[in-house]
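Dumped data.cif below, it's mmCIF, C-alpha atoms:
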data_entry
loop_
_atom_site.label_atom_id
_atom_site.label_comp_id
_atom_site.auth_asym_id
_atom_site.auth_seq_id
_atom_site.Cartn_x
_atom_site.Cartn_y
_atom_site.Cartn_z
CA MET A 27 -15.39 146.63 154.84
CA ALA A 28 -17.63 148.93 156.87
CA ALA A 29 -15.41 151.90 155.99
CA ASP A 30 -15.70 151.08 152.26
CA LYS A 31 -19.51 151.05 152.52
CA GLN A 32 -19.39 154.61 153.78
CA ARG A 33 -17.31 155.79 150.83
CA LEU A 34 -18.80 157.06 147.60
CA ARG A 35 -18.39 154.59 144.75
CA VAL A 36 -16.74 156.39 141.83
CA ALA A 37 -15.36 155.73 138.35
CA VAL A 38 -12.85 157.52 136.17
CA LEU A 39 -13.59 157.72 132.47
CA GLY A 40 -10.35 158.32 130.60
CA ALA A 41 -6.90 156.86 131.21
CA GLY A 42 -4.58 159.62 130.07
CA LEU A 43 -2.38 161.78 132.30
CA ILE A 44 -5.41 163.38 133.97
CA GLY A 45 -7.23 160.09 134.48
CA VAL A 46 -4.27 158.30 136.03
CA ASP A 47 -3.56 161.17 138.42
CA LEU A 48 -7.25 161.23 139.33
CA ALA A 49 -7.02 157.54 140.18
CA ASP A 50 -4.05 158.28 142.45
CA LYS A 51 -5.84 161.16 144.20
CA ILE A 52 -9.02 159.12 144.67
CA HIS A 53 -6.98 156.25 146.11
CA ARG A 54 -5.69 158.65 148.78
CA SER A 55 -9.16 160.02 149.59
CA GLN A 56 -10.88 158.93 152.79
CA LYS A 57 -14.33 159.51 151.26
CA LEU A 58 -14.11 157.92 147.80
CA GLN A 59 -13.78 154.35 146.61
CA LEU A 60 -12.43 153.94 143.08
CA ALA A 61 -14.39 151.08 141.52
CA LEU A 62 -13.35 151.44 137.87
CA VAL A 63 -10.93 153.18 135.51
CA ALA A 64 -12.27 153.05 131.96
CA GLY A 65 -10.29 153.73 128.79
CA ARG A 66 -10.45 152.64 125.18
CA ASP A 67 -7.01 151.19 124.57
CA ARG A 68 -6.45 147.91 126.39
CA ASP A 69 -2.71 148.16 125.77
CA GLY A 70 -2.46 151.85 126.63
CA LEU A 71 0.05 153.05 129.23
CA GLY A 72 -2.65 154.69 131.34
CA LEU A 73 -4.72 151.56 131.85
CA ARG A 74 -1.59 149.57 132.59
CA ARG A 75 -0.53 152.08 135.24
CA ALA A 76 -4.00 152.09 136.80
CA ALA A 77 -3.95 148.29 136.94
CA GLU A 78 -0.47 148.37 138.53
CA MET A 79 -1.91 150.68 141.19
CA GLY A 80 -4.42 147.94 141.98
CA HIS A 81 -7.54 149.49 140.44
CA PRO A 82 -10.15 147.63 138.34
CA THR A 83 -9.77 148.66 134.68
CA THR A 84 -11.63 148.22 131.42
CA ALA A 85 -11.09 149.19 127.79
CA GLY A 86 -14.85 149.37 127.22
CA GLY A 87 -15.21 153.15 127.59
CA ILE A 88 -18.56 154.69 128.50
CA ARG A 89 -20.56 151.53 127.83
CA ALA A 90 -18.49 149.62 130.39
CA VAL A 91 -19.05 152.41 132.94
CA VAL A 92 -22.82 152.27 132.46
CA ASP A 93 -22.84 148.48 132.68
CA ALA A 94 -20.74 148.48 135.87
CA GLY A 95 -22.85 151.18 137.54
CA PRO A 96 -24.58 152.84 139.06
CA PHE A 97 -21.81 154.97 140.55
CA ASP A 98 -22.21 157.84 142.97
CA VAL A 99 -19.78 159.93 140.89
CA VAL A 100 -18.15 159.55 137.47
CA PHE A 101 -15.24 161.77 136.45
CA ASP A 102 -15.02 162.47 132.71
CA ALA A 103 -11.32 162.91 131.90
CA THR A 104 -11.62 162.21 128.17
CA ASN A 105 -12.18 164.99 125.62
CA ALA A 106 -14.71 167.70 124.88
CA ASP A 107 -15.98 166.05 121.70
CA SER A 108 -17.06 162.90 123.57
CA HIS A 109 -18.51 164.46 126.69
CA ALA A 110 -22.06 165.09 125.43
CA GLU A 111 -22.37 161.39 124.58
CA HIS A 112 -21.15 160.46 128.05
CA TRP A 113 -23.68 162.77 129.71
CA THR A 114 -26.50 161.32 127.61
CA ALA A 115 -25.52 157.80 128.70
CA LEU A 116 -25.08 158.61 132.41
CA ARG A 117 -27.91 161.07 133.02
CA PRO A 118 -30.66 158.40 133.40
CA THR A 119 -28.57 156.53 136.01
CA GLY A 120 -28.65 159.41 138.51
CA THR A 121 -24.85 159.48 138.69
CA THR A 122 -23.17 162.80 139.41
CA LEU A 123 -20.96 163.56 136.41
CA ILE A 124 -17.94 165.79 137.00
CA ASP A 125 -16.64 167.07 133.68
CA LEU A 126 -12.92 167.85 133.43
CA THR A 127 -13.15 168.56 129.69
CA PRO A 128 -13.68 172.11 128.37
CA THR A 129 -17.15 171.52 126.93
CA GLY A 130 -19.01 174.35 128.65
CA LEU A 131 -21.82 171.90 129.42
CA GLY A 132 -23.12 171.38 132.94
CA THR A 133 -23.07 173.80 135.87
CA VAL A 134 -19.73 175.59 136.17
CA ILE A 135 -18.18 175.16 139.61
CA VAL A 136 -14.94 176.66 140.95
CA PRO A 137 -14.07 175.63 144.52
CA GLY A 138 -13.70 178.59 146.82
CA VAL A 139 -15.99 180.67 144.60
CA ASN A 140 -19.27 178.74 144.31
CA SER A 141 -18.50 175.17 145.39
CA GLN A 142 -21.19 175.34 148.07
CA ARG A 143 -23.67 174.85 145.21
CA SER A 144 -22.06 171.76 143.69
CA ALA A 145 -24.01 169.10 145.61
CA ALA A 146 -27.26 170.40 144.11
CA TYR A 147 -26.28 169.49 140.55
CA GLN A 148 -25.94 166.18 138.74
CA HIS A 149 -23.79 167.60 135.93
CA VAL A 150 -20.81 169.70 137.04
CA ASN A 151 -18.29 171.41 134.75
CA LEU A 152 -14.80 172.45 135.90
CA VAL A 153 -14.08 174.87 133.02
CA SER A 154 -10.36 174.21 132.46
CA CYS A 155 -7.10 174.09 134.39
CA GLY A 156 -6.46 177.74 133.55
CA GLY A 157 -9.97 178.65 134.63
CA GLN A 158 -9.52 176.89 137.96
CA ALA A 159 -6.29 178.83 138.56
CA ALA A 160 -7.47 182.25 137.36
CA ILE A 161 -11.14 182.54 138.31
CA PRO A 162 -10.66 182.64 142.11
CA VAL A 163 -8.29 185.59 141.68
CA LEU A 164 -10.39 187.35 139.04
CA ASN A 165 -13.58 186.87 141.02
CA ALA A 166 -11.86 188.34 144.08
CA ILE A 167 -10.79 191.36 142.05
CA SER A 168 -14.30 191.86 140.69
CA GLN A 169 -15.65 192.04 144.26
CA ARG A 170 -13.52 195.13 144.91
CA CYS A 171 -13.70 197.07 141.63
CA THR A 172 -15.38 197.02 138.22
CA PRO A 173 -13.28 195.31 135.53
CA THR A 174 -13.74 196.60 132.00
CA TYR A 175 -11.21 194.28 130.30
CA ILE A 176 -9.57 191.03 131.38
CA GLU A 177 -6.69 189.26 129.67
CA MET A 178 -5.50 185.83 130.79
CA VAL A 179 -2.45 184.01 129.45
CA SER A 180 -1.98 180.40 130.51
CA THR A 181 1.45 178.80 130.03
CA GLY A 182 2.17 175.13 130.65
CA ALA A 183 4.73 172.53 129.77
CA SER A 184 4.09 170.56 126.59
CA ALA A 185 4.73 167.40 128.58
CA SER A 186 1.68 168.17 130.74
CA ALA A 187 -0.71 168.40 127.79
CA GLY A 188 -1.89 165.13 126.33
CA ARG A 189 -3.52 164.51 122.98
CA ALA A 190 -7.03 165.42 124.15
CA ALA A 191 -5.83 168.69 125.68
CA ARG A 192 -4.19 169.69 122.41
CA GLN A 193 -7.27 168.78 120.39
CA ASN A 194 -9.50 170.81 122.69
CA LEU A 195 -7.57 174.11 122.73
CA ASP A 196 -10.32 176.02 120.91
CA GLN A 197 -12.91 174.74 123.40
CA TYR A 198 -10.53 175.55 126.25
CA ILE A 199 -10.32 179.18 125.16
CA ALA A 200 -14.07 179.54 124.55
CA THR A 201 -15.15 177.84 127.79
CA THR A 202 -12.61 179.68 129.94
CA SER A 203 -13.57 183.03 128.42
CA ALA A 204 -17.26 182.38 129.07
CA ALA A 205 -16.61 181.35 132.68
CA ILE A 206 -14.51 184.47 133.35
CA ARG A 207 -17.36 186.61 132.02
CA THR A 208 -19.82 184.81 134.30
CA PHE A 209 -17.74 185.10 137.46
CA THR A 210 -16.59 188.71 136.96
CA GLY A 211 -19.43 190.35 135.04
CA THR A 212 -16.88 191.51 132.45
CA ARG A 213 -17.86 191.36 128.78
CA ASP A 214 -14.46 192.11 127.22
CA VAL A 215 -12.30 189.02 127.93
CA LYS A 216 -9.28 187.62 126.08
CA VAL A 217 -7.81 184.17 126.84
CA MET A 218 -4.56 182.84 125.37
CA VAL A 219 -2.72 179.54 125.82
CA ASN A 220 0.96 178.69 125.43
CA LEU A 221 2.39 175.16 125.47
CA SER A 222 6.11 175.39 126.08
CA PRO A 223 8.55 172.65 124.96
CA ALA A 224 11.35 174.22 127.03
CA ARG A 225 13.71 172.04 129.06
CA PRO A 226 13.63 171.93 131.97
CA ALA A 227 9.84 172.01 131.81
CA PRO A 228 8.42 175.31 133.07
CA PRO A 229 5.85 175.46 135.88
CA PHE A 230 2.18 175.97 135.12
CA ARG A 231 1.66 179.72 135.15
CA VAL A 232 -1.35 181.98 134.59
CA ALA A 233 -0.82 185.70 134.05
CA MET A 234 -3.75 188.10 134.31
CA THR A 235 -4.16 191.73 133.35
CA VAL A 236 -7.28 193.57 134.49
CA LEU A 237 -8.31 197.08 133.47
CA ALA A 238 -10.86 198.34 135.96
CA ASP A 239 -12.67 201.31 137.41
CA GLY A 240 -12.61 202.08 141.12
CA VAL A 241 -9.40 200.25 141.96
CA ARG A 242 -8.36 200.58 145.60
CA PRO A 243 -5.05 198.76 146.15
CA ALA A 244 -5.42 197.62 149.77
CA PRO A 245 -8.85 195.93 149.43
CA VAL A 246 -7.82 194.30 146.14
CA ARG A 247 -4.67 192.84 147.68
CA THR A 248 -6.60 191.58 150.71
CA SER A 249 -9.22 189.86 148.54
CA ILE A 250 -6.61 188.20 146.34
CA ALA A 251 -4.71 186.92 149.39
CA ALA A 252 -7.91 185.41 150.79
CA ALA A 253 -8.72 183.77 147.44
CA ALA A 254 -5.23 182.27 147.19
CA GLN A 255 -5.48 180.88 150.71
CA ALA A 256 -8.80 179.20 149.81
CA VAL A 257 -7.25 177.55 146.75
CA ARG A 258 -4.25 176.34 148.73
CA ALA A 259 -6.62 174.45 151.03
CA TYR A 260 -7.04 171.84 148.26
CA THR A 261 -4.10 172.69 145.96
CA PRO A 262 -1.10 173.40 148.23
CA GLY A 263 1.19 174.30 145.31
CA PHE A 264 -0.88 177.36 144.32
CA THR A 265 1.08 180.60 144.72
CA VAL A 266 0.58 184.23 143.72
CA THR A 267 4.02 185.00 142.30
CA SER A 268 3.49 188.63 141.32
CA LEU A 269 0.91 191.33 141.94
CA ALA A 270 0.88 194.98 140.89
CA VAL A 271 -2.11 197.17 141.71
CA ALA A 272 -2.37 200.68 140.32
CA PRO A 273 -5.23 203.04 139.48
CA GLY A 274 -7.11 201.52 136.58
CA ARG A 275 -4.89 198.44 136.18
CA ILE A 276 -4.13 195.21 138.06
CA SER A 277 -1.52 192.68 136.97
CA ALA A 278 -1.27 189.33 138.72
CA ALA A 279 0.39 185.99 138.07
CA VAL A 280 -0.06 182.64 139.77
CA GLU A 281 1.91 179.42 139.53
CA VAL A 282 0.80 175.93 140.46
CA THR A 283 3.37 173.32 141.43
CA ALA A 284 2.18 169.73 141.65
CA CYS A 285 2.81 168.47 145.18
CA GLY A 286 2.98 164.81 146.14
CA GLY A 287 1.54 161.91 144.21
CA ARG A 288 2.88 160.73 140.88
CA LEU A 289 2.87 164.03 138.99
CA PRO A 290 6.08 165.90 138.13
CA ALA A 291 6.28 169.34 139.72
CA HIS A 292 5.62 171.13 136.42
CA ALA A 293 2.21 169.42 135.96
CA GLY A 294 0.37 171.96 138.09
CA SER A 295 -2.33 172.26 135.43
CA VAL A 296 -3.32 168.64 136.02
CA ASP A 297 -2.95 168.94 139.78
CA ILE A 298 -5.31 171.89 140.24
CA ILE A 299 -8.23 170.63 138.15
CA ASN A 300 -7.97 167.11 139.56
CA ALA A 301 -7.78 168.40 143.12
CA ALA A 302 -10.90 170.46 142.45
CA ALA A 303 -12.67 167.44 140.99
CA VAL A 304 -11.89 165.21 143.97
CA LEU A 305 -12.92 167.92 146.42
CA LEU A 306 -16.31 168.35 144.73
CA ALA A 307 -16.85 164.59 144.63
CA GLU A 308 -16.14 164.37 148.35
CA GLN A 309 -18.71 167.13 148.96
CA SER A 310 -21.38 165.56 146.77
CA ARG A 311 -22.85 163.26 149.41
#
Could you quickly redo this structure as structure tokens?
Amino acid sequence: MAADKQRLRVAVLGAGLIGVDLADKIHRSQKLQLALVAGRDRDGLGLRRAAEMGHPTTAGGIRAVVDAGPFDVVFDATNADSHAEHWTALRPTGTTLIDLTPTGLGTVIVPGVNSQRSAAYQHVNLVSCGGQAAIPVLNAISQRCTPTYIEMVSTGASASAGRAARQNLDQYIATTSAAIRTFTGTRDVKVMVNLSPARPAPPFRVAMTVLADGVRPAPVRTSIAAAAQAVRAYTPGFTVTSLAVAPGRISAAVEVTACGGRLPAHAGSVDIINAAAVLLAEQSR
């Protein structure tokens, strides 16, 4: 009981693939206590799985979260169209809201890049799964040269993208593009997304092409290696699978394999953003 009192009391809003994996990760955390998983469909598979895991559940959505609060942290794993309403409801309670939807609202945080600032903000935005995978690498590159154009192509298995993810693809592209501009100082950015129905399901992969001035291969490679090591501290399945550095051009690709827990290996997109969310919650005390 004493140990539970020292843990942060948290809730997950959303019971899709992301929400259920969040519940699993929180359950394994030594610093968080999952007090509620809130969805909208009482008969939905996600709420049933959360209940089977032993977590309190409700089909009352945001209103049930507010009524059951206050919480130290609430994770919004719903959809971009609903997030503003959730922030409006939770802001007066003083709860830290960690947004896993691609709204572009809140303070953008990427662990390993600017996570030291996260505890200062009540409303935190995690960009997107592609942003979490690409921005540490792109930020590292921008510390060693001056990018003039950045192209990012995110490829994931269709099975890893739920209904909300598919509905929010336009927001995903816009929010990820804006975050890349912020973290690299590059105005000309292009983001593309592929959902692959291939069988077996492909791993989550992000390919990046950077045109830049002042490229020096050795420092660029060193910075990327350090960035990858920082990401692996909370997402062990993160790997730089290819890297080519030449005058004026850098090409890099990363893959994320989901490790442990209930996720299939190909669901690295879910794994990296949820791992980032849990890490920031643990640091929010």
Evaluate the PyMOL selection byres ((chain A and resi 255) around 12) on the structure here and hand back the selected residues as a list in words.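 Evaluating the PyMOL selection byres ((chain A and resi 255) around 12) on this file yields Pro137, Gly138, Pro162, Val163, Ala166, Thr248, Ser249, Ile250, Ala251, Ala252, Ala253, Ala254, Ala256, Val257, Arg258, Ala259, Tyr260, Thr261, Pro262, Gly263, Phe264, Thr265 and Val266 of chain A.
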Arg143 (chain A) proximity check over A:Ile299, A:Ala110, A:Leu306, A:Ile52, using all atoms listed in the file: winner is A:Leu306
Expanded to explicit residues, what is the PyMOL selection byres ((chain A and resi 140) around 12) for this file, as an MDAnalysis selection string? chainID A and resid 133:139 141:146 150 152 158 161:162 165 208:209 256 302 306
Which of these residues is nearest to Arg288 (chain A), using all atoms listed in the file: A:Pro228, A:Gly45, A:Gly40, A:Gly188? A:Gly45
Could you tell me, as a JSON list (two decimals) with C-alpha atoms, in the coordinates of the input, which residues have any atom at most 9 Å from (-10.1, 153.6, 132.8), counting all atoms listed in the file?
[["chain", "number", "residue", "atom", "x", "y", "z"],
["A", 37, "ALA", "CA", -15.36, 155.73, 138.35],
["A", 38, "VAL", "CA", -12.85, 157.52, 136.17],
["A", 39, "LEU", "CA", -13.59, 157.72, 132.47],
["A", 40, "GLY", "CA", -10.35, 158.32, 130.60],
["A", 41, "ALA", "CA", -6.90, 156.86, 131.21],
["A", 42, "GLY", "CA", -4.58, 159.62, 130.07],
["A", 45, "GLY", "CA", -7.23, 160.09, 134.48],
["A", 46, "VAL", "CA", -4.27, 158.30, 136.03],
["A", 49, "ALA", "CA", -7.02, 157.54, 140.18],
["A", 62, "LEU", "CA", -13.35, 151.44, 137.87],
["A", 63, "VAL", "CA", -10.93, 153.18, 135.51],
["A", 64, "ALA", "CA", -12.27, 153.05, 131.96],
["A", 65, "GLY", "CA", -10.29, 153.73, 128.79],
["A", 66, "ARG", "CA", -10.45, 152.64, 125.18],
["A", 72, "GLY", "CA", -2.65, 154.69, 131.34],
["A", 73, "LEU", "CA", -4.72, 151.56, 131.85],
["A", 76, "ALA", "CA", -4.00, 152.09, 136.80],
["A", 82, "PRO", "CA", -10.15, 147.63, 138.34],
["A", 83, "THR", "CA", -9.77, 148.66, 134.68],
["A", 84, "THR", "CA", -11.63, 148.22, 131.42],
["A", 85, "ALA", "CA", -11.09, 149.19, 127.79],
["A", 86, "GLY", "CA", -14.85, 149.37, 127.22],
["A", 87, "GLY", "CA", -15.21, 153.15, 127.59]]
Calculate how many Å separate CA of Ser154 (chain A) from CA of Ser295 (chain A), rounding to one decimal.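 According to the coordinates, CA of Ser154 (chain A) and CA of Ser295 (chain A) are separated by 8.8 Å.
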Name the closest residue to Thr201 (chain A) among the candidates A:Gly156, A:Pro243, A:Gly182, A:Pro226; distances are taken between atoms, counting only C-alpha atoms.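 With only C-alpha atoms as the atom set, the closest residue is A:Gly156.
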If the PyMOL selection byres ((chain A and resi 215-223) around 9) is run on the structure shown, which residues does it catch, given as an mmCIF file with C-alpha atoms, keeping the file's coordinate frame?
data_model
loop_
_atom_site.group_PDB
_atom_site.id
_atom_site.type_symbol
_atom_site.label_atom_id
_atom_site.label_comp_id
_atom_site.auth_asym_id
_atom_site.auth_seq_id
_atom_site.Cartn_x
_atom_site.Cartn_y
_atom_site.Cartn_z
ATOM 1 C CA GLY A 156 -6.460 177.740 133.550
ATOM 2 C CA THR A 174 -13.740 196.600 132.000
ATOM 3 C CA TYR A 175 -11.210 194.280 130.300
ATOM 4 C CA ILE A 176 -9.570 191.030 131.380
ATOM 5 C CA GLU A 177 -6.690 189.260 129.670
ATOM 6 C CA MET A 178 -5.500 185.830 130.790
ATOM 7 C CA VAL A 179 -2.450 184.010 129.450
ATOM 8 C CA SER A 180 -1.980 180.400 130.510
ATOM 9 C CA THR A 181 1.450 178.800 130.030
ATOM 10 C CA GLY A 182 2.170 175.130 130.650
ATOM 11 C CA ALA A 183 4.730 172.530 129.770
ATOM 12 C CA SER A 184 4.090 170.560 126.590
ATOM 13 C CA ALA A 185 4.730 167.400 128.580
ATOM 14 C CA SER A 186 1.680 168.170 130.740
ATOM 15 C CA ALA A 187 -0.710 168.400 127.790
ATOM 16 C CA LEU A 195 -7.570 174.110 122.730
ATOM 17 C CA TYR A 198 -10.530 175.550 126.250
ATOM 18 C CA ILE A 199 -10.320 179.180 125.160
ATOM 19 C CA ALA A 200 -14.070 179.540 124.550
ATOM 20 C CA THR A 202 -12.610 179.680 129.940
ATOM 21 C CA SER A 203 -13.570 183.030 128.420
ATOM 22 C CA ALA A 204 -17.260 182.380 129.070
ATOM 23 C CA ILE A 206 -14.510 184.470 133.350
ATOM 24 C CA ARG A 207 -17.360 186.610 132.020
ATOM 25 C CA THR A 212 -16.880 191.510 132.450
ATOM 26 C CA ARG A 213 -17.860 191.360 128.780
ATOM 27 C CA ASP A 214 -14.460 192.110 127.220
ATOM 28 C CA ALA A 224 11.350 174.220 127.030
ATOM 29 C CA ARG A 225 13.710 172.040 129.060
ATOM 30 C CA PRO A 226 13.630 171.930 131.970
ATOM 31 C CA ALA A 227 9.840 172.010 131.810
ATOM 32 C CA PRO A 228 8.420 175.310 133.070
#
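In this model, the gap between CA of Cys285 (chain A) and CA of Arg247 (chain A) comes to 25.6 Å.
Every polymer residue reaching to within 6 Å of (-1.0, 172.4, 140.2), counting all atoms listed in the file, appears in this list: Gly263, Val282, Thr283, Ala284, Gly294, Ser295, Asp297 and Ile298 of chain A.
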CA of Gly157 (chain A) to CA of Ala190 (chain A), straight-line distance in Å: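 Separation of CA of Ala190 (chain A) and CA of Gly157 (chain A): 17.1 Å.
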Would you please work out which residue, of A:Ala103, A:Ala244, A:Leu131, A:Leu116, is nearest to Ala90 (chain A) when using only C-alpha atoms?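 Under the stated criterion, the closest residue is A:Leu116.
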Counting all atoms listed in the file, the residue of A:Asn194, A:Thr114, A:Gln309, A:Ser277 that sits nearest Leu237 (chain A):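 Going through A:Asn194, A:Thr114, A:Gln309, A:Ser277 one by one, the smallest distance to Leu237 (chain A) is for A:Ser277.
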Pick the closest to Gly240 (chain A) from A:Leu123, A:Ala159, A:Ile276, A:Leu269: which is it, counting only C-alpha atoms?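 Ranking A:Leu123, A:Ala159, A:Ile276, A:Leu269 by distance to Gly240 (chain A), first place goes to A:Ile276.
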Find the spatial neighbours of Gly120 (chain A), counting only C-alpha atoms, within a cut-off of 9 Å - ignore same-chain residues fewer than 6 positions away - and output them as a PyMOL selection string. chain A and resi 96-98+148
Name all residues at most 8 Å from Ser168 (chain A) (count all atoms listed in the file; drop same-chain ones fewer than 5 positions away) and give them as a list in words.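 Counting all atoms listed in the file, the residues come to Pro173, Thr210 and Gly211 of chain A.
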Could you list, as a compact mmCIF listing (two decimals) with C-alpha atoms, in the frame of the given file, every residue within 8 Å of Val241 (chain A), counting only C-alpha atoms and ignoring same-chain residues fewer than 3 positions away?
# COMPACT_ATOMS: atom_id res chain seq x y z
CA ARG A 170 -13.52 195.13 144.91
CA CYS A 171 -13.70 197.07 141.63
CA THR A 172 -15.38 197.02 138.22
CA ALA A 238 -10.86 198.34 135.96
CA VAL A 246 -7.82 194.30 146.14
CA VAL A 271 -2.11 197.17 141.71
CA ALA A 272 -2.37 200.68 140.32
CA PRO A 273 -5.23 203.04 139.48
CA GLY A 274 -7.11 201.52 136.58
CA ARG A 275 -4.89 198.44 136.18
